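Engineer: One structure, pasted below without further comment.
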Amino acid sequence: MTTDPRIPRHVAIVMDGNGRWARRRGQPRNFGHRAGQKAVREAVEFCLRRKIETLTLFAFSSENWKRPSDEVGALMDLFLRALDKEVDELHSNEVRVRFIGGLSVFNEALRTRMLSAMEKTRGNSALDLNVCVNYGGRWDIAQAARQAVEAVQRGELDPRSLDETTLAPFMCLADQPPVDLLIRTGGEHRISNFLLWQIAYAELYFTDTLWPDVDQDELARALENYARRERRFGRTDAQIAKAS
Ligand code: FPP
């Protein structure tokens, strides 16, 4: 962990561009997803080196089910194999892995692997790696609201006290720092229903680089850019200057 405010505590990434990366090479889209796995390794390594506390990756959105079934199948297969291949290495690097999203829709084999990866690495503290699968920002807000209603029904929460502070603990990633830096690769400038609540004050960084081409240099550029931002959290620049 670092206390340097120029280093983000929590980085989130929309890993976009696998399909185009493959097409440019005359290959099927799944070739790009496989190459994307290497960039995931680069990102984890980068965060460990820079002592970033939390890395959150958008691996599969609730909308990605609309893709052709062979692509969805190949992605599931890739996740399964990645889990088998990478978890020991992540564990030896003290990475705590968590899967965030509606996990119940995944097949038994994948769900078992996800749960056992989470169980195996739960005591680690070098880096929190959140992999968002079957995740959507609106889904997250809705599931938090549902949990809050259940707490009201149990008599544990007064509905009149429901506000940003009392809803926050029900959101995914509530026990982790808010996102400081959101990176999207692949040239599109949108959030695509990724973390909505958690990025309220995040700095946004967009790059044209396609995800499989992302390496340490690309991530270093994102961090350099972040270090130059003035984060005001609603205050004026004069207030910020006075406080520092
Ligand atoms: C977006 O690119 C990428 C995805 C929907 C899948 C992300 C998966 C990986 C990076 C594979 C490895 C991940 C893990 C966690 C092991 P796209 O297909 O939308 O690309 P395009 O915009 O060029 O079509």
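Going by the structure tokens order, chains are called A, B, ..., each with residues numbered from 1, while ligands are numbered from 1 in the order shown.
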List the neighbours of stretch 227-235 of chain A out to 9 Å using only C-alpha atoms; skip same-chain residues closer than 3 positions along the sequence, and give me the result as a PyMOL selection string.

Structural biologist: chain A and resi 5-8+201-203+222-224+238-240

Engineer: Next, dump the selected residues to file, keeping only N, CA and C atoms, as a compact mmCIF listing (two decimals), in the first residue's frame.

Structural biologist:
# COMPACT_ATOMS: atom_id res chain seq x y z
N PRO A 5 -0.48 10.39 -2.77
CA PRO A 5 -1.76 10.65 -3.45
C PRO A 5 -1.67 10.64 -4.97
N ARG A 6 -0.44 10.67 -5.50
CA ARG A 6 -0.30 10.64 -6.97
C ARG A 6 -0.41 9.22 -7.52
N ILE A 7 -0.37 8.25 -6.60
CA ILE A 7 -0.54 6.84 -7.03
C ILE A 7 -1.96 6.42 -6.68
N PRO A 8 -2.74 5.94 -7.66
CA PRO A 8 -4.10 5.52 -7.34
C PRO A 8 -4.10 4.30 -6.43
N TYR A 201 -16.18 9.54 -8.38
CA TYR A 201 -15.12 10.56 -8.42
C TYR A 201 -13.83 10.04 -9.09
N ALA A 202 -13.97 8.98 -9.87
CA ALA A 202 -12.77 8.43 -10.53
C ALA A 202 -12.28 9.37 -11.63
N GLU A 203 -10.98 9.36 -11.84
CA GLU A 203 -10.41 10.02 -13.01
C GLU A 203 -10.53 9.03 -14.17
N ALA A 222 -0.65 5.86 -18.21
CA ALA A 222 -1.94 6.15 -17.55
C ALA A 222 -1.69 6.70 -16.14
N LEU A 223 -0.71 6.11 -15.46
CA LEU A 223 -0.42 6.57 -14.09
C LEU A 223 0.23 7.96 -14.08
N GLU A 224 1.09 8.20 -15.07
CA GLU A 224 1.71 9.54 -15.16
C GLU A 224 0.64 10.59 -15.39
N ALA A 238 -8.86 26.77 -5.31
CA ALA A 238 -8.25 27.58 -4.24
C ALA A 238 -8.29 26.80 -2.92
N GLN A 239 -9.40 26.11 -2.65
CA GLN A 239 -9.50 25.31 -1.42
C GLN A 239 -8.46 24.20 -1.42
N ILE A 240 -8.28 23.59 -2.58
CA ILE A 240 -7.32 22.49 -2.70
C ILE A 240 -5.91 23.00 -2.44

Engineer: Using DSSP on the backbone coordinates, identify the residues of stretch 94-137 of chain A assigned to alpha helix (DSSP H); present them as a ChimeraX atom specification.

Structural biologist: /A:108-121,137

Engineer: Could you build a table of the residues in stretch 100-193 of chain A lying no more than 7 Å from stretch 14-33 of chain A, giving for each the nearest pair of atoms and their separation in Å rounded to one decimal place, using only C-alpha atoms, ordered by chain and ascending residue number, as a Markdown table?

Structural biologist:
| residue | atom | partner | partner_atom | distance |
| --- | --- | --- | --- | --- |
| A:Ile183 | CA | A:Val14 | CA | 6.3 |
| A:Arg184 | CA | A:Val14 | CA | 4.7 |
| A:Thr185 | CA | A:Asp16 | CA | 5.2 |
| A:Gly186 | CA | A:Gly17 | CA | 4.6 |

Engineer: Would you mind listing, for every residue of stretch 148-228 of chain A within 12 Å of stretch 86-105 of chain A, the two atoms forming the shortest contact and the distance between them in Å to one decimal, using only C-alpha atoms, sorted by chain and ascending residue number, as a Markdown table?

Structural biologist:
| residue | atom | partner | partner_atom | distance |
| --- | --- | --- | --- | --- |
| A:Met171 | CA | A:Ile100 | CA | 10.7 |
| A:Cys172 | CA | A:Ile100 | CA | 7.1 |
| A:Leu173 | CA | A:Ile100 | CA | 8.2 |
| A:Ala174 | CA | A:Ile100 | CA | 11.6 |
| A:Gln176 | CA | A:Arg98 | CA | 11.8 |
| A:Phe194 | CA | A:Gly101 | CA | 10.9 |
| A:Leu195 | CA | A:Ile100 | CA | 10.8 |

Engineer: Using only C-alpha atoms, which protein or nucleic acid residues come within 9 Å of A:Val44? Drop anything in the same chain fewer than 4 positions from it, and give the result as number ranges by chain.

Structural biologist: A: 39-40, 48-49, 55, 90, 95, 127, 129

Engineer: Please identify which residues in stretch 3-239 of chain A DSSP calls strand (DSSP E) from the backbone, and express them as an NGL selection string.

Structural biologist: :A and (10-14 or 54-61 or 95-100 or 127-135 or 181-184 or 203-206)

Engineer: Using only C-alpha atoms for the distances, tell me which of A:Leu210, A:Ala142, A:Ala148, A:Leu57 is nearest to A:Asp163.

Structural biologist: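 Going through A:Leu210, A:Ala142, A:Ala148, A:Leu57 one by one, the smallest distance to A:Asp163 is for A:Ala148.
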
Engineer: Tell me, in Å to one decimal, how far atom CA of A:Glu42 is from atom CA of A:Leu80.

Structural biologist: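 Distance reported for this atom pair: 19.3 Å.
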
Engineer: In Å, with one decimal, what is the gap from atom CA of A:Glu164 to atom CA of A:Asn64?

Structural biologist: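 So the answer is 29.3 Å.
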
Engineer: In Å to one decimal, how far is atom CA of A:Met76 from atom 14 (C, counted along the ligand's line) of ligand 1?

Structural biologist: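 Separation between atom 14 (C, counted along the ligand's line) of ligand 1 and atom CA of A:Met76: 9.7 Å.
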
Engineer: Considering only C-alpha atoms, can you say which of A:Arg34, A:Glu188, A:Asp180, A:Phe58 comes closest to A:Glu71?

Structural biologist: A:Arg34

Engineer: Tell me which protein, DNA and RNA residues are within 9 Å of A:Leu110, counting only C-alpha atoms, leaving out same-chain ones fewer than 2 positions away, and put them as a list of chain:residue names.

Structural biologist: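 Residues near the query, excluding close chain neighbours: A:Met76, A:Asp77, A:Phe79, A:Leu80, A:Leu83, A:Phe106, A:Asn107, A:Glu108, A:Thr112, A:Arg113, A:Met114, A:Leu115.
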
Engineer: Restricting it to all heavy atoms, dump the selection as a CSV table (one decimal), in the first residue's frame.

Structural biologist:
chain,number,residue,atom,x,y,z
A,76,MET,N,-15.8,-18.6,-21.9
A,76,MET,CA,-16.0,-19.4,-20.6
A,76,MET,C,-14.9,-20.4,-20.5
A,76,MET,O,-14.3,-20.7,-19.5
A,76,MET,CB,-17.4,-20.2,-20.6
A,76,MET,CG,-18.6,-19.3,-20.6
A,76,MET,SD,-18.6,-18.2,-19.2
A,76,MET,CE,-19.1,-16.7,-19.9
A,77,ASP,N,-14.5,-21.0,-21.7
A,77,ASP,CA,-13.4,-22.0,-21.7
A,77,ASP,C,-12.1,-21.3,-21.3
A,77,ASP,O,-11.3,-21.9,-20.6
A,77,ASP,CB,-13.4,-22.5,-23.1
A,77,ASP,CG,-12.8,-23.9,-23.2
A,77,ASP,OD1,-13.2,-24.7,-22.3
A,77,ASP,OD2,-11.9,-24.1,-24.0
A,79,PHE,N,-11.8,-18.6,-19.4
A,79,PHE,CA,-11.8,-18.3,-18.0
A,79,PHE,C,-11.4,-19.5,-17.2
A,79,PHE,O,-10.7,-19.5,-16.2
A,79,PHE,CB,-13.1,-17.8,-17.6
A,79,PHE,CG,-13.5,-16.4,-18.2
A,79,PHE,CD1,-14.8,-16.1,-18.4
A,79,PHE,CD2,-12.5,-15.5,-18.4
A,79,PHE,CE1,-15.2,-14.9,-19.0
A,79,PHE,CE2,-12.9,-14.2,-19.0
A,79,PHE,CZ,-14.2,-13.9,-19.3
A,80,LEU,N,-12.0,-20.7,-17.6
A,80,LEU,CA,-11.8,-21.9,-16.9
A,80,LEU,C,-10.3,-22.3,-16.9
A,80,LEU,O,-9.7,-22.6,-15.9
A,80,LEU,CB,-12.6,-23.0,-17.6
A,80,LEU,CG,-12.8,-24.3,-16.8
A,80,LEU,CD1,-13.7,-24.0,-15.6
A,80,LEU,CD2,-13.5,-25.3,-17.7
A,83,LEU,N,-8.1,-19.9,-14.9
A,83,LEU,CA,-8.2,-20.2,-13.5
A,83,LEU,C,-7.3,-21.3,-13.1
A,83,LEU,O,-6.5,-21.2,-12.2
A,83,LEU,CB,-9.6,-20.5,-13.1
A,83,LEU,CG,-10.5,-19.3,-12.8
A,83,LEU,CD1,-12.0,-19.6,-12.8
A,83,LEU,CD2,-10.1,-18.6,-11.5
A,106,PHE,N,-23.2,-19.2,-14.0
A,106,PHE,CA,-22.1,-19.9,-14.6
A,106,PHE,C,-22.2,-21.4,-14.3
A,106,PHE,O,-22.8,-21.9,-13.3
A,106,PHE,CB,-20.8,-19.4,-14.1
A,106,PHE,CG,-20.5,-18.0,-14.6
A,106,PHE,CD1,-20.6,-17.0,-13.7
A,106,PHE,CD2,-20.2,-17.7,-15.9
A,106,PHE,CE1,-20.4,-15.6,-14.1
A,106,PHE,CE2,-20.0,-16.4,-16.3
A,106,PHE,CZ,-20.1,-15.4,-15.4
A,107,ASN,N,-21.6,-22.2,-15.2
A,107,ASN,CA,-21.8,-23.7,-15.1
A,107,ASN,C,-21.0,-24.1,-13.8
A,107,ASN,O,-20.1,-23.4,-13.3
A,107,ASN,CB,-21.4,-24.4,-16.3
A,107,ASN,CG,-19.9,-24.3,-16.7
A,107,ASN,OD1,-19.1,-24.4,-15.8
A,107,ASN,ND2,-19.6,-24.2,-17.9
A,108,GLU,N,-21.3,-25.3,-13.4
A,108,GLU,CA,-20.8,-25.9,-12.2
A,108,GLU,C,-19.3,-25.8,-12.1
A,108,GLU,O,-18.7,-25.4,-11.1
A,108,GLU,CB,-21.3,-27.3,-12.0
A,108,GLU,CG,-21.0,-28.1,-10.8
A,108,GLU,CD,-21.8,-27.6,-9.6
A,108,GLU,OE1,-22.9,-27.1,-9.8
A,108,GLU,OE2,-21.2,-27.6,-8.5
A,112,THR,N,-17.3,-23.6,-9.4
A,112,THR,CA,-16.4,-24.3,-8.4
A,112,THR,C,-15.0,-23.7,-8.4
A,112,THR,O,-14.4,-23.5,-7.4
A,112,THR,CB,-16.4,-25.8,-8.7
A,112,THR,OG1,-17.7,-26.3,-8.8
A,112,THR,CG2,-15.7,-26.6,-7.7
A,113,ARG,N,-14.5,-23.5,-9.7
A,113,ARG,CA,-13.1,-23.0,-9.8
A,113,ARG,C,-13.0,-21.6,-9.2
A,113,ARG,O,-12.1,-21.2,-8.5
A,113,ARG,CB,-12.7,-22.9,-11.2
A,113,ARG,CG,-11.9,-23.9,-11.9
A,113,ARG,CD,-11.8,-25.3,-11.7
A,113,ARG,NE,-11.3,-26.0,-12.8
A,113,ARG,CZ,-11.9,-26.9,-13.6
A,113,ARG,NH1,-13.2,-27.1,-13.3
A,113,ARG,NH2,-11.3,-27.5,-14.5
A,114,MET,N,-14.1,-20.8,-9.5
A,114,MET,CA,-14.1,-19.4,-9.0
A,114,MET,C,-14.1,-19.4,-7.5
A,114,MET,O,-13.3,-18.7,-6.8
A,114,MET,CB,-15.3,-18.6,-9.5
A,114,MET,CG,-15.3,-18.3,-11.0
A,114,MET,SD,-16.8,-17.4,-11.4
A,114,MET,CE,-16.6,-17.3,-13.2
A,115,LEU,N,-15.0,-20.2,-6.9
A,115,LEU,CA,-15.1,-20.2,-5.4
A,115,LEU,C,-13.8,-20.7,-4.8
A,115,LEU,O,-13.4,-20.2,-3.8
A,115,LEU,CB,-16.3,-21.1,-5.0
A,115,LEU,CG,-17.7,-20.6,-5.4
A,115,LEU,CD1,-18.8,-21.5,-5.1
A,115,LEU,CD2,-18.0,-19.2,-4.9

Engineer: Name the closest residue to A:Asp84 among the candidates A:Phe46, A:Asp158, A:Trp65, A:Ala109; distances are taken between atoms, counting only C-alpha atoms.

Structural biologist: A:Ala109
